[in-house]
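Trainee: Pasting coords-v6.tsv below, which is TSV, C-alpha atoms and all ligand atoms.
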chain	number	residue	atom	x	y	z
A	1	MET	CA	-159.87	-7.48	-1.80
A	2	ILE	CA	-162.12	-5.46	0.53
A	3	SER	CA	-164.97	-7.62	1.81
A	4	ALA	CA	-168.61	-6.93	0.92
A	5	GLN	CA	-169.40	-5.76	4.46
A	6	GLU	CA	-166.41	-3.39	4.60
A	7	ARG	CA	-167.37	-2.05	1.22
A	8	LYS	CA	-170.85	-1.25	2.42
A	9	ASN	CA	-169.49	0.66	5.40
A	10	ILE	CA	-166.95	2.57	3.35
A	11	LEU	CA	-169.53	3.61	0.74
A	12	LYS	CA	-171.95	4.64	3.47
A	13	ARG	CA	-169.28	6.76	5.15
A	14	GLY	CA	-168.73	8.58	1.84
A	15	LYS	CA	-165.70	10.51	0.68
A	16	THR	CA	-164.22	13.81	1.87
A	17	SER	CA	-163.68	15.38	-1.53
A	18	MET	CA	-166.77	15.87	-3.69
A	19	THR	CA	-165.17	15.10	-7.04
A	20	TRP	CA	-161.95	13.35	-7.94
A	21	GLU	CA	-160.69	14.06	-11.45
A	22	GLY	CA	-159.05	11.20	-13.33
A	23	GLU	CA	-155.99	13.37	-13.88
A	24	PRO	CA	-156.28	16.05	-11.19
A	25	LEU	CA	-155.70	19.54	-12.55
A	26	LEU	CA	-153.30	20.42	-9.76
A	27	GLY	CA	-151.02	17.40	-9.80
A	28	SER	CA	-149.10	18.41	-6.72
A	29	SER	CA	-150.02	20.86	-4.01
A	30	TYR	CA	-148.68	24.28	-3.21
A	31	GLY	CA	-148.16	25.53	0.33
A	32	GLU	CA	-147.36	28.92	1.81
A	33	GLU	CA	-143.69	28.23	0.94
A	34	GLU	CA	-144.38	28.37	-2.80
A	35	ILE	CA	-146.51	31.50	-2.42
A	36	GLU	CA	-143.75	33.21	-0.46
A	37	ALA	CA	-141.09	32.11	-2.94
A	38	ALA	CA	-143.15	33.50	-5.84
A	39	VAL	CA	-143.71	36.83	-4.11
A	40	ALA	CA	-140.03	37.10	-3.16
A	41	ALA	CA	-139.01	36.49	-6.79
A	42	MET	CA	-141.39	39.23	-7.89
A	43	ARG	CA	-140.12	41.68	-5.27
A	44	ASP	CA	-136.57	40.91	-6.33
A	45	SER	CA	-137.49	41.86	-9.90
A	46	MET	CA	-139.01	45.29	-9.17
A	47	ALA	CA	-135.82	47.30	-9.81
A	48	PRO	CA	-135.81	48.50	-13.45
A	49	SER	CA	-132.18	47.47	-13.80
A	50	ARG	CA	-132.97	43.99	-12.52
A	51	GLY	CA	-136.38	42.96	-13.80
A	52	PHE	CA	-137.05	39.38	-14.84
A	53	GLY	CA	-134.34	38.67	-17.39
A	54	PHE	CA	-132.17	37.04	-18.63
A	55	SER	CA	-132.00	33.58	-17.08
A	56	ALA	CA	-131.55	35.39	-13.79
A	57	PRO	CA	-131.39	33.69	-10.38
A	58	PRO	CA	-133.02	31.52	-9.22
A	59	ILE	CA	-133.31	29.89	-12.68
A	60	PRO	CA	-129.72	28.54	-12.60
A	61	ASP	CA	-130.28	27.45	-9.00
A	62	PHE	CA	-133.34	25.44	-9.98
A	63	GLU	CA	-131.41	23.89	-12.88
A	64	LYS	CA	-128.53	22.96	-10.60
A	65	ALA	CA	-130.82	21.43	-7.98
A	66	PHE	CA	-132.74	19.49	-10.62
A	67	ALA	CA	-129.53	18.14	-12.22
A	68	GLU	CA	-128.33	17.07	-8.78
A	69	TYR	CA	-131.64	15.36	-8.10
A	70	CYS	CA	-131.40	13.36	-11.34
A	71	GLY	CA	-127.65	12.81	-11.03
A	72	THR	CA	-126.93	14.48	-14.37
A	73	LYS	CA	-124.26	16.96	-15.40
A	74	HIS	CA	-126.76	19.41	-16.89
A	75	ALA	CA	-130.34	20.57	-16.59
A	76	VAL	CA	-131.89	23.22	-18.84
A	77	ALA	CA	-135.12	24.91	-17.73
A	78	LEU	CA	-137.86	25.60	-20.27
A	79	ASN	CA	-141.34	27.10	-20.44
A	80	SER	CA	-142.87	23.65	-21.02
A	81	ALA	CA	-141.96	20.08	-21.99
A	82	GLY	CA	-143.18	20.32	-25.60
A	83	PRO	CA	-140.36	22.64	-26.77
A	84	GLY	CA	-137.87	20.30	-25.08
A	85	LEU	CA	-139.15	17.41	-27.18
A	86	ASP	CA	-138.90	19.64	-30.26
A	87	GLN	CA	-135.32	20.56	-29.37
A	88	ALA	CA	-134.44	16.89	-28.91
A	89	MET	CA	-135.67	16.09	-32.40
A	90	ARG	CA	-134.11	19.20	-33.98
A	91	TYR	CA	-130.78	18.31	-32.41
A	92	LEU	CA	-130.80	15.08	-34.46
A	93	ASN	CA	-130.96	17.13	-37.68
A	94	LEU	CA	-133.39	14.66	-39.23
A	95	GLN	CA	-133.43	14.38	-43.02
A	96	PRO	CA	-136.65	13.58	-44.93
A	97	GLY	CA	-137.36	9.89	-44.45
A	98	ASP	CA	-135.31	9.56	-41.26
A	99	GLU	CA	-137.28	7.45	-38.81
A	100	VAL	CA	-137.90	7.78	-35.08
A	101	ILE	CA	-139.66	5.03	-33.15
A	102	VAL	CA	-142.26	6.21	-30.62
A	103	PRO	CA	-144.81	4.19	-28.62
A	104	ALA	CA	-148.35	4.11	-30.02
A	105	VAL	CA	-149.83	4.27	-26.51
A	106	ASN	CA	-148.63	7.80	-25.89
A	107	PHE	CA	-149.52	11.48	-25.57
A	108	VAL	CA	-149.41	13.49	-28.83
A	109	ALA	CA	-146.32	15.50	-27.87
A	110	SER	CA	-143.46	13.21	-28.86
A	111	PRO	CA	-144.86	12.09	-32.23
A	112	LEU	CA	-145.65	15.74	-33.07
A	113	ALA	CA	-142.04	16.60	-32.22
A	114	VAL	CA	-140.80	13.96	-34.68
A	115	MET	CA	-143.10	15.37	-37.34
A	116	GLY	CA	-142.18	18.97	-36.55
A	117	ALA	CA	-138.49	18.26	-37.02
A	118	GLY	CA	-139.13	16.70	-40.43
A	119	GLY	CA	-138.79	13.06	-39.41
A	120	GLN	CA	-140.94	10.04	-40.07
A	121	ILE	CA	-142.91	8.63	-37.13
A	122	VAL	CA	-142.67	4.87	-36.71
A	123	TRP	CA	-145.13	3.61	-34.14
A	124	GLY	CA	-144.06	0.83	-31.80
A	125	GLU	CA	-146.17	-1.52	-29.70
A	126	VAL	CA	-146.11	-1.34	-25.92
A	127	ASP	CA	-145.62	-4.13	-23.40
A	128	PRO	CA	-149.12	-4.89	-22.04
A	129	LYS	CA	-147.73	-5.48	-18.57
A	130	THR	CA	-145.96	-2.13	-18.16
A	131	LEU	CA	-147.42	-0.01	-21.03
A	132	GLN	CA	-143.85	0.93	-21.96
A	133	LEU	CA	-142.48	0.85	-25.52
A	134	ASP	CA	-141.66	-2.82	-26.12
A	135	PRO	CA	-137.92	-3.33	-26.87
A	136	ASN	CA	-138.56	-6.50	-28.92
A	137	ASP	CA	-141.02	-4.64	-31.10
A	138	VAL	CA	-138.59	-1.73	-31.46
A	139	GLU	CA	-135.88	-4.04	-32.73
A	140	ALA	CA	-138.23	-5.49	-35.35
A	141	ARG	CA	-139.00	-1.98	-36.68
A	142	ILE	CA	-135.43	-0.77	-37.12
A	143	THR	CA	-134.39	0.04	-40.70
A	144	PRO	CA	-131.29	1.73	-42.19
A	145	ARG	CA	-133.24	5.02	-41.83
A	146	THR	CA	-133.83	4.70	-38.08
A	147	ARG	CA	-132.20	7.54	-36.14
A	148	ALA	CA	-133.65	7.37	-32.65
A	149	ILE	CA	-135.68	5.41	-30.14
A	150	PHE	CA	-138.02	7.81	-28.34
A	151	PRO	CA	-139.70	6.07	-25.38
A	152	VAL	CA	-142.15	7.71	-23.01
A	153	HIS	CA	-141.83	6.91	-19.31
A	154	MET	CA	-145.50	6.14	-19.38
A	155	ASN	CA	-147.78	7.14	-16.52
A	156	GLY	CA	-144.92	7.52	-14.03
A	157	LEU	CA	-143.04	4.27	-14.56
A	158	SER	CA	-139.60	4.11	-16.17
A	159	ALA	CA	-139.25	2.62	-19.64
A	160	PRO	CA	-136.65	-0.21	-19.88
A	161	MET	CA	-133.79	2.08	-20.97
A	162	ASP	CA	-130.93	-0.45	-20.84
A	163	ASP	CA	-132.81	-2.71	-23.27
A	164	TYR	CA	-133.08	0.16	-25.79
A	165	PHE	CA	-129.36	0.98	-25.40
A	166	GLU	CA	-128.44	-2.59	-26.29
A	167	ILE	CA	-130.60	-2.44	-29.40
A	168	ALA	CA	-129.24	1.03	-30.26
A	169	GLU	CA	-125.69	-0.36	-30.15
A	170	ARG	CA	-126.59	-3.47	-32.13
A	171	HIS	CA	-128.14	-1.48	-34.99
A	172	PRO	CA	-125.98	1.61	-35.53
A	173	HIS	CA	-126.89	4.13	-38.21
A	174	ASP	CA	-124.39	4.16	-41.09
A	175	VAL	CA	-123.42	7.79	-40.59
A	176	HIS	CA	-124.48	8.67	-37.05
A	177	GLY	CA	-123.51	5.48	-35.23
A	178	PRO	CA	-125.56	4.00	-32.36
A	179	LEU	CA	-129.17	5.19	-32.37
A	180	ALA	CA	-130.04	8.02	-29.99
A	181	VAL	CA	-132.28	7.04	-27.08
A	182	ILE	CA	-134.34	10.02	-25.87
A	183	GLY	CA	-136.89	9.93	-23.05
A	184	ASP	CA	-140.16	11.78	-22.60
A	185	ALA	CA	-140.50	11.85	-18.81
A	186	ALA	CA	-143.24	14.48	-18.68
A	187	ARG	CA	-145.29	12.20	-16.40
A	188	ALA	CA	-142.44	10.54	-14.55
A	189	CYS	CA	-140.53	13.12	-12.54
A	190	GLY	CA	-139.17	11.44	-9.39
A	191	GLY	CA	-139.38	7.82	-10.54
A	192	SER	CA	-136.33	5.53	-10.59
A	193	TYR	CA	-134.78	2.80	-12.72
A	194	ARG	CA	-131.98	0.43	-11.68
A	195	GLY	CA	-130.74	2.71	-8.92
A	196	THR	CA	-130.82	5.88	-11.04
A	197	LYS	CA	-133.43	8.61	-11.21
A	198	ILE	CA	-135.44	8.88	-14.39
A	199	GLY	CA	-133.58	11.52	-16.41
A	200	LYS	CA	-130.14	10.00	-15.94
A	201	LYS	CA	-130.32	7.44	-18.75
A	202	GLY	CA	-130.53	8.47	-22.39
A	203	LEU	CA	-129.00	11.17	-24.57
A	204	LEU	CA	-131.44	13.56	-22.95
A	205	THR	CA	-134.71	13.43	-21.03
A	206	VAL	CA	-137.55	15.92	-21.02
A	207	PHE	CA	-139.73	16.71	-17.98
A	208	SER	CA	-142.93	18.68	-17.58
A	209	PHE	CA	-144.05	20.84	-14.66
A	210	HIS	CA	-147.46	21.51	-16.20
A	211	THR	CA	-150.20	21.88	-13.62
A	212	MET	CA	-151.18	18.17	-13.83
A	213	LYS	CA	-147.71	16.72	-13.41
A	214	ASN	CA	-145.73	15.39	-10.42
A	215	ILE	CA	-144.34	18.84	-9.60
A	216	ASN	CA	-145.70	22.15	-10.86
A	217	THR	CA	-144.30	25.57	-11.72
A	218	LEU	CA	-147.36	27.83	-11.84
A	219	GLY	CA	-149.20	26.09	-14.65
A	220	GLU	CA	-146.43	25.51	-17.17
A	221	GLY	CA	-142.78	24.58	-17.11
A	222	GLY	CA	-140.27	22.00	-18.24
A	223	MET	CA	-136.70	20.76	-17.93
A	224	ILE	CA	-134.16	18.88	-19.99
A	225	THR	CA	-131.56	16.70	-18.28
A	226	THR	CA	-128.43	15.38	-19.99
A	227	ASP	CA	-124.84	14.33	-19.34
A	228	ASP	CA	-123.83	15.45	-22.84
A	229	ASP	CA	-122.11	18.86	-23.02
A	230	ASP	CA	-122.99	19.37	-26.66
A	231	VAL	CA	-126.70	18.61	-26.13
A	232	ALA	CA	-126.80	20.93	-23.13
A	233	ALA	CA	-125.15	23.78	-25.06
A	234	TYR	CA	-127.53	23.28	-27.98
A	235	CYS	CA	-130.64	23.29	-25.78
A	236	ARG	CA	-129.48	26.31	-23.77
A	237	SER	CA	-128.84	28.28	-26.92
A	238	SER	CA	-131.90	27.10	-28.81
A	239	ARG	CA	-134.25	28.04	-25.95
A	240	PHE	CA	-133.36	31.67	-26.60
A	241	TYR	CA	-133.10	32.31	-30.35
A	242	GLY	CA	-129.88	30.35	-30.71
A	243	MET	CA	-127.93	33.32	-29.34
A	244	ASP	CA	-124.96	31.39	-27.92
A	245	THR	CA	-124.20	28.92	-30.69
A	246	ASP	CA	-125.86	30.37	-33.80
A	247	VAL	CA	-128.47	27.65	-34.23
A	248	TRP	CA	-132.15	28.09	-35.04
A	249	GLY	CA	-134.19	28.86	-31.96
A	250	THR	CA	-137.14	30.68	-30.53
A	251	SER	CA	-137.98	31.76	-26.99
A	252	ASN	CA	-138.79	28.92	-24.62
A	253	VAL	CA	-137.43	30.31	-21.37
A	254	MET	CA	-138.74	29.77	-17.87
A	255	THR	CA	-139.40	32.78	-15.64
A	256	LYS	CA	-137.73	33.57	-12.32
A	257	VAL	CA	-141.03	33.21	-10.50
A	258	GLN	CA	-141.56	29.71	-11.89
A	259	ALA	CA	-138.01	28.68	-10.97
A	260	ALA	CA	-138.47	29.98	-7.42
A	261	VAL	CA	-141.62	27.87	-7.08
A	262	GLY	CA	-139.91	24.92	-8.78
A	263	LEU	CA	-137.13	24.90	-6.20
A	264	VAL	CA	-139.67	24.53	-3.40
A	265	GLN	CA	-141.64	21.90	-5.30
A	266	LEU	CA	-138.48	19.90	-6.00
A	267	SER	CA	-137.76	19.77	-2.27
A	268	LYS	CA	-141.22	18.23	-1.81
A	269	LEU	CA	-141.04	15.81	-4.75
A	270	ASP	CA	-139.93	12.74	-2.81
A	271	GLY	CA	-142.74	13.36	-0.34
A	272	PHE	CA	-145.28	13.64	-3.17
A	273	ILE	CA	-144.03	10.38	-4.67
A	274	GLU	CA	-144.14	8.68	-1.26
A	275	SER	CA	-147.79	9.69	-0.88
A	276	ARG	CA	-148.65	8.45	-4.35
A	277	ARG	CA	-146.89	5.16	-3.65
A	278	ARG	CA	-148.60	4.70	-0.30
A	279	LEU	CA	-152.00	5.16	-1.91
A	280	ALA	CA	-151.09	2.89	-4.83
A	281	HIS	CA	-149.86	0.10	-2.59
A	282	GLN	CA	-152.89	0.30	-0.30
A	283	ARG	CA	-154.96	0.17	-3.46
A	284	ASP	CA	-153.10	-2.89	-4.76
A	285	GLU	CA	-154.14	-4.69	-1.58
A	286	MET	CA	-157.72	-3.46	-1.58
A	287	LEU	CA	-158.25	-4.40	-5.22
A	288	GLU	CA	-156.23	-7.61	-5.36
A	289	GLY	CA	-158.32	-10.39	-6.88
A	290	ILE	CA	-160.94	-8.02	-8.30
A	291	PRO	CA	-162.56	-10.02	-11.10
A	292	GLY	CA	-161.88	-8.89	-14.66
A	293	LEU	CA	-159.25	-6.24	-13.84
A	294	THR	CA	-155.45	-6.26	-13.99
A	295	LEU	CA	-153.66	-3.94	-11.55
A	296	PRO	CA	-150.60	-1.83	-12.48
A	297	PHE	CA	-147.29	-3.66	-12.57
A	298	GLU	CA	-144.11	-2.35	-10.97
A	299	PRO	CA	-140.98	-4.18	-12.16
A	300	ASP	CA	-138.40	-5.01	-9.47
A	301	ASP	CA	-135.84	-2.64	-10.97
A	302	CYS	CA	-138.18	0.40	-10.96
A	303	VAL	CA	-139.67	2.82	-8.48
A	304	HIS	CA	-143.01	3.80	-10.00
A	305	SER	CA	-144.03	7.40	-9.29
A	306	TYR	CA	-147.72	6.55	-9.92
A	307	TYR	CA	-148.49	9.69	-11.84
A	308	LEU	CA	-151.45	7.59	-12.91
A	309	TYR	CA	-152.81	4.34	-11.53
A	310	THR	CA	-153.60	2.38	-14.69
A	311	LEU	CA	-155.94	-0.59	-14.76
A	312	LEU	CA	-156.75	-2.98	-17.61
A	313	VAL	CA	-160.13	-4.65	-18.03
A	314	LYS	CA	-160.10	-8.19	-19.41
A	315	ASP	CA	-160.28	-8.60	-23.19
A	316	GLU	CA	-164.01	-9.38	-23.24
A	317	TRP	CA	-164.73	-6.06	-21.53
A	318	ALA	CA	-162.63	-3.95	-23.93
A	319	GLY	CA	-164.38	-0.82	-25.18
A	320	GLU	CA	-168.02	-0.69	-24.22
A	321	LYS	CA	-167.84	-2.41	-20.83
A	322	ARG	CA	-164.74	-0.48	-19.84
A	323	ASP	CA	-166.58	2.72	-20.71
A	324	GLN	CA	-169.55	1.56	-18.67
A	325	ILE	CA	-167.42	1.07	-15.55
A	326	MET	CA	-166.08	4.60	-15.99
A	327	LYS	CA	-169.61	5.96	-16.44
A	328	MET	CA	-170.88	4.19	-13.32
A	329	LEU	CA	-167.99	5.58	-11.25
A	330	ASP	CA	-168.67	9.07	-12.56
A	331	GLU	CA	-172.46	9.12	-12.31
A	332	GLY	CA	-172.78	7.10	-9.13
A	333	HIS	CA	-169.78	8.38	-7.17
A	334	ASN	CA	-168.36	11.54	-8.76
A	335	ILE	CA	-165.14	9.68	-9.52
A	336	LYS	CA	-163.77	10.61	-12.95
A	337	CYS	CA	-161.36	8.36	-14.81
A	338	VAL	CA	-159.12	9.00	-17.80
A	339	VAL	CA	-158.10	6.75	-20.65
A	340	ALA	CA	-154.37	7.46	-20.85
A	341	ASN	CA	-153.81	6.86	-23.67
A	342	PRO	CA	-155.28	5.13	-26.69
A	343	PRO	CA	-153.02	5.11	-29.77
A	344	VAL	CA	-152.58	8.78	-30.63
A	345	TYR	CA	-153.24	8.40	-34.33
A	346	GLU	CA	-156.80	7.19	-33.62
A	347	LYS	CA	-158.05	10.70	-32.82
A	348	ARG	CA	-155.54	12.77	-34.78
A	349	LYS	CA	-155.97	12.74	-38.53
A	350	LEU	CA	-152.71	14.65	-38.92
A	351	LEU	CA	-150.76	11.82	-37.30
A	352	ARG	CA	-152.80	9.11	-39.00
A	353	GLU	CA	-152.08	10.53	-42.44
A	354	HIS	CA	-148.43	11.08	-41.65
A	355	ALA	CA	-147.91	7.40	-40.81
A	356	LYS	CA	-150.36	5.87	-43.29
A	357	GLY	CA	-150.61	2.12	-43.34
A	358	GLN	CA	-149.07	1.56	-39.93
A	359	SER	CA	-151.37	-0.39	-37.67
A	360	LEU	CA	-150.67	-1.49	-34.12
A	361	PRO	CA	-153.29	-4.09	-33.18
A	362	LEU	CA	-151.92	-4.78	-29.71
A	363	SER	CA	-151.80	-1.09	-28.72
A	364	GLU	CA	-155.23	-0.50	-30.23
A	365	GLN	CA	-156.67	-3.30	-28.10
A	366	LEU	CA	-154.87	-1.94	-25.00
A	367	GLY	CA	-156.39	1.45	-25.76
A	368	ARG	CA	-159.82	-0.14	-25.36
A	369	ARG	CA	-158.86	-1.93	-22.14
A	370	LEU	CA	-157.00	0.64	-20.07
A	371	PHE	CA	-158.34	3.32	-17.74
A	372	CYS	CA	-156.92	5.27	-14.81
A	373	ILE	CA	-158.66	5.89	-11.50
A	374	PRO	CA	-157.76	9.13	-9.68
A	375	ILE	CA	-154.63	9.35	-7.55
A	376	HIS	CA	-153.10	12.46	-5.98
A	377	PRO	CA	-150.61	13.14	-3.14
A	378	ALA	CA	-153.29	15.01	-1.21
A	379	MET	CA	-155.85	12.19	-1.40
A	380	SER	CA	-156.90	10.89	2.02
A	381	ASP	CA	-156.73	7.20	2.87
A	382	GLU	CA	-160.52	7.36	3.31
A	383	ASP	CA	-161.04	8.60	-0.23
A	384	ASN	CA	-158.64	5.96	-1.50
A	385	GLU	CA	-160.75	3.31	0.23
A	386	TYR	CA	-163.92	4.86	-1.13
A	387	ILE	CA	-162.61	4.79	-4.71
A	388	CYS	CA	-161.63	1.12	-4.37
A	389	ALA	CA	-164.94	0.14	-2.76
A	390	ALA	CA	-166.87	1.98	-5.49
A	391	LEU	CA	-164.82	0.35	-8.23
A	392	ILE	CA	-165.34	-3.16	-6.86
A	393	ASP	CA	-169.04	-2.42	-6.49
A	394	CYS	CA	-169.37	-1.23	-10.10
A	395	VAL	CA	-167.39	-4.16	-11.48
A	396	GLN	CA	-169.44	-6.68	-9.54
A	397	ARG	CA	-172.73	-5.14	-10.57
A	398	LEU	CA	-171.60	-5.28	-14.17
A	399	GLY	CA	-170.03	-8.75	-13.82
A	401	LIG	C1	-147.95	16.47	-20.40
A	401	LIG	C2	-147.14	15.72	-21.35
A	401	LIG	C3	-146.33	16.37	-22.29
A	401	LIG	C4	-146.34	17.85	-22.50
A	401	LIG	O1	-145.93	18.59	-21.41
A	401	LIG	P1	-146.08	20.19	-21.46
A	401	LIG	O2	-145.23	20.65	-20.32
A	401	LIG	O3	-147.51	20.48	-21.28
A	401	LIG	O4	-145.56	20.65	-22.76
A	401	LIG	C5	-145.51	15.60	-23.10
A	401	LIG	N1	-145.51	14.27	-23.02
A	401	LIG	C6	-146.28	13.59	-22.14
A	401	LIG	C7	-146.20	12.10	-22.07
A	401	LIG	C8	-147.14	14.29	-21.30
A	401	LIG	O5	-147.93	13.63	-20.45
Would you mind writing the structure in this file as structure tokens?
Mentor:
Amino acid sequence: MISAQERKNILKRGKTSMTWEGEPLLGSSYGEEEIEAAVAAMRDSMAPSRGFGFSAPPIPDFEKAFAEYCGTKHAVALNSAGPGLDQAMRYLNLQPGDEVIVPAVNFVASPLAVMGAGGQIVWGEVDPKTLQLDPNDVEARITPRTRAIFPVHMNGLSAPMDDYFEIAERHPHDVHGPLAVIGDAARACGGSYRGTKIGKKGLLTVFSFHTMKNINTLGEGGMITTDDDDVAAYCRSSRFYGMDTDVWGTSNVMTKVQAAVGLVQLSKLDGFIESRRRLAHQRDEMLEGIPGLTLPFEPDDCVHSYYLYTLLVKDEWAGEKRDQIMKMLDEGHNIKCVVANPPVYEKRKLLREHAKGQSLPLSEQLGRRLFCIPIHPAMSDEDNEYICAALIDCVQRLG
């Protein structure tokens, strides 16, 4: 932990950026290369016979590069991650009462996708150490109606995919066989698990390139990766009115300009992750031993992409005291934090009413203990030090 004297010096020196958002609104950075790529894609589209459609280069090039990066046979580009999650659930052809297990500590997107496709959400608890959907809890919630396990690679770390596969094999559905395991990797582009990139394991995986995420394609964007030919054909067709295979679909296509920018961003992804990891590891050292806080955990078989750096306050500080730390960081230092995420049904009546009677005490308690301090590839080491010094200061004053 940084000593009291060092802390004083660091806080006196100040930070270079006025405000750090808890989840910075430009998750990665653009350079001249992206601007040039975007302009070139526009220029290329100026001929009336050429324009912007349909799935024109460099969209297939971006898909190919992304599939290669993840080590998958296919990648399908989309306008955002949400429709990819919807497609994943629609592909399962859920019947009323069919159940899909999703983590309670989650963003709203995957449970809404289950609901949207006519399925029944079954909330699962998360492992307090990793914040990933807990395989033991998943197994306890499986019924004859369970169709899929739908983990989120939470906050940049991989979920324990092999554990879900084992469970999926052990509890096959009567008609459909082993349960589908589908990953929401919106926050986890570039992370790894057991020597594979996130996106390789599972029936399919969905990524987001929204402006907050690990790589960005001009505000919105998404990708599906899969090794399954049938899934790939379905998603490709369904993203444009089901033209190719006569399935239901709407328009969820990515533009040429986004794909051109995505190609450049993808080439920078490992560098972005390296920066996030450098900051996170420096932070682990600076904060080690900080009273009352648990630092993020990185299992040996994972490479965390640190989309978020998630801390847990001790049980006694859950709720009010956690909120107070966040308030002190904000008001005293212009450091914003986010709570990512409390159980999604707590704030969404729609989801609460859909899954009436389900209560997840462990996840609810974690929702009152967790918070994320800002991290971003462009953050300077000085600002990283400042954030740690400020956090220690606030915690000690509150102590
Ligand atoms: C951001 C996010 C999404 C949605 O991504 P979009 O590209 O904005 O649709 C889905 N799931 C999780 C976990 C997210 O963080």
Trainee: With all atoms listed in the file counted, collect every polymer residue having an atom within 6 Å of ligand LIG 401 (chain A); state the result as a PDB file with C-alpha atoms, in the frame of the given file.
Mentor:
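Contents of the output file pocket_35.pdb:
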ATOM      1  CA  SER A  80    -142.870  23.650 -21.020  1.00  0.00           C
ATOM      2  CA  ALA A  81    -141.960  20.080 -21.990  1.00  0.00           C
ATOM      3  CA  GLY A  82    -143.180  20.320 -25.600  1.00  0.00           C
ATOM      4  CA  PHE A 107    -149.520  11.480 -25.570  1.00  0.00           C
ATOM      5  CA  ALA A 109    -146.320  15.500 -27.870  1.00  0.00           C
ATOM      6  CA  ASP A 184    -140.160  11.780 -22.600  1.00  0.00           C
ATOM      7  CA  ALA A 186    -143.240  14.480 -18.680  1.00  0.00           C
ATOM      8  CA  ARG A 187    -145.290  12.200 -16.400  1.00  0.00           C
ATOM      9  CA  SER A 208    -142.930  18.680 -17.580  1.00  0.00           C
ATOM     10  CA  PHE A 209    -144.050  20.840 -14.660  1.00  0.00           C
ATOM     11  CA  HIS A 210    -147.460  21.510 -16.200  1.00  0.00           C
ATOM     12  CA  GLU A 220    -146.430  25.510 -17.170  1.00  0.00           C
ATOM     13  CA  GLY A 221    -142.780  24.580 -17.110  1.00  0.00           C
ATOM     14  CA  GLY A 222    -140.270  22.000 -18.240  1.00  0.00           C
TER      15      GLY A 222
END
Trainee: One number please: atom CA of A:Ala88 to atom CA of A:Val114, in Å, one decimal.
Mentor: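 Interatomic distance, atom CA of A:Ala88 to atom CA of A:Val114: 9.1 Å.
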Trainee: Work out how far apart atom CA of A:Ile167 and atom CA of A:Gly367 are and give it in Å to one decimal.
Mentor: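 Calculated distance between atom CA of A:Ile167 and atom CA of A:Gly367 is 26.3 Å.
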Trainee: Distance table requested - stretch 39-146 of chain A against stretch 234-258 of chain A, cut-off 9 Å, only C-alpha atoms: one row per qualifying residue with the closest atom pair and its distance in Å to one decimal, ordered by chain and rising residue number, as a tab-separated table.
Mentor:
residue	atom	partner	partner_atom	distance
A:Val39	CA	A:Val257	CA	7.8
A:Ala40	CA	A:Val257	CA	8.4
A:Ala41	CA	A:Val257	CA	5.3
A:Met42	CA	A:Val257	CA	6.6
A:Ser45	CA	A:Lys256	CA	8.6
A:Phe52	CA	A:Lys256	CA	6.4
A:Gly53	CA	A:Lys256	CA	8.0
A:Phe54	CA	A:Thr255	CA	8.9
A:Ser55	CA	A:Lys256	CA	7.4
A:Ala56	CA	A:Lys256	CA	6.6
A:Pro57	CA	A:Lys256	CA	6.6
A:Pro58	CA	A:Lys256	CA	6.0
A:Ile59	CA	A:Lys256	CA	5.8
A:Val76	CA	A:Arg236	CA	6.3
A:Ala77	CA	A:Met254	CA	6.1
A:Leu78	CA	A:Val253	CA	4.9
A:Asn79	CA	A:Met254	CA	4.5
A:Ser80	CA	A:Asn252	CA	7.6
A:Pro83	CA	A:Asn252	CA	6.8
A:Gly84	CA	A:Cys235	CA	7.9
A:Gln87	CA	A:Cys235	CA	6.5
A:Ala88	CA	A:Cys235	CA	8.1
A:Tyr91	CA	A:Tyr234	CA	7.4
Trainee: Give me the residues near A:Thr211 as a PyMOL selection string, where near means some atom within 10 Å (using all atoms listed in the file) and where sequence neighbours in that chain fewer than 3 positions away do not count.
Mentor: chain A and resi 24-29+208+214-221
Trainee: Near A:Pro299, counting all atoms listed in the file, which residues have an atom at most 12 Å away, once you skip same-chain residues fewer than 5 positions from it, shown as a list in words?
Mentor: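 Skipping anything fewer than 5 positions along the chain leaves Lys129, Thr130, Leu131, Gln132, Leu157, Ser158, Ala159, Pro160, Ser192, Tyr193, Arg194 and His304 of chain A.
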Trainee: Would you work out the distance separating atom CA of A:Cys388 from atom CA of A:Cys302, expressed in Å to one decimal?
Mentor: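 Distance between the two atoms: 24.4 Å.
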Trainee: Find the residues near A:Ile2: any atom within 10 Å, counting all atoms listed in the file, skip ones fewer than 2 places away on the same chain, and give them as a list in words.
Mentor: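 The filter keeps Ala4, Gln5, Glu6, Arg7, Lys8, Ile10, Arg283, Glu285, Met286, Leu287, Glu288, Gly289, Ile290, Glu385, Cys388, Ala389 and Ile392 of chain A.
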Trainee: Residues near A:Asp227, anyone? I mean within 8 Å using all atoms listed in the file, not counting same-chain ones fewer than 2 positions away, as a PyMOL selection string.
Mentor: chain A and resi 72-74+200+203-204+225+229+232
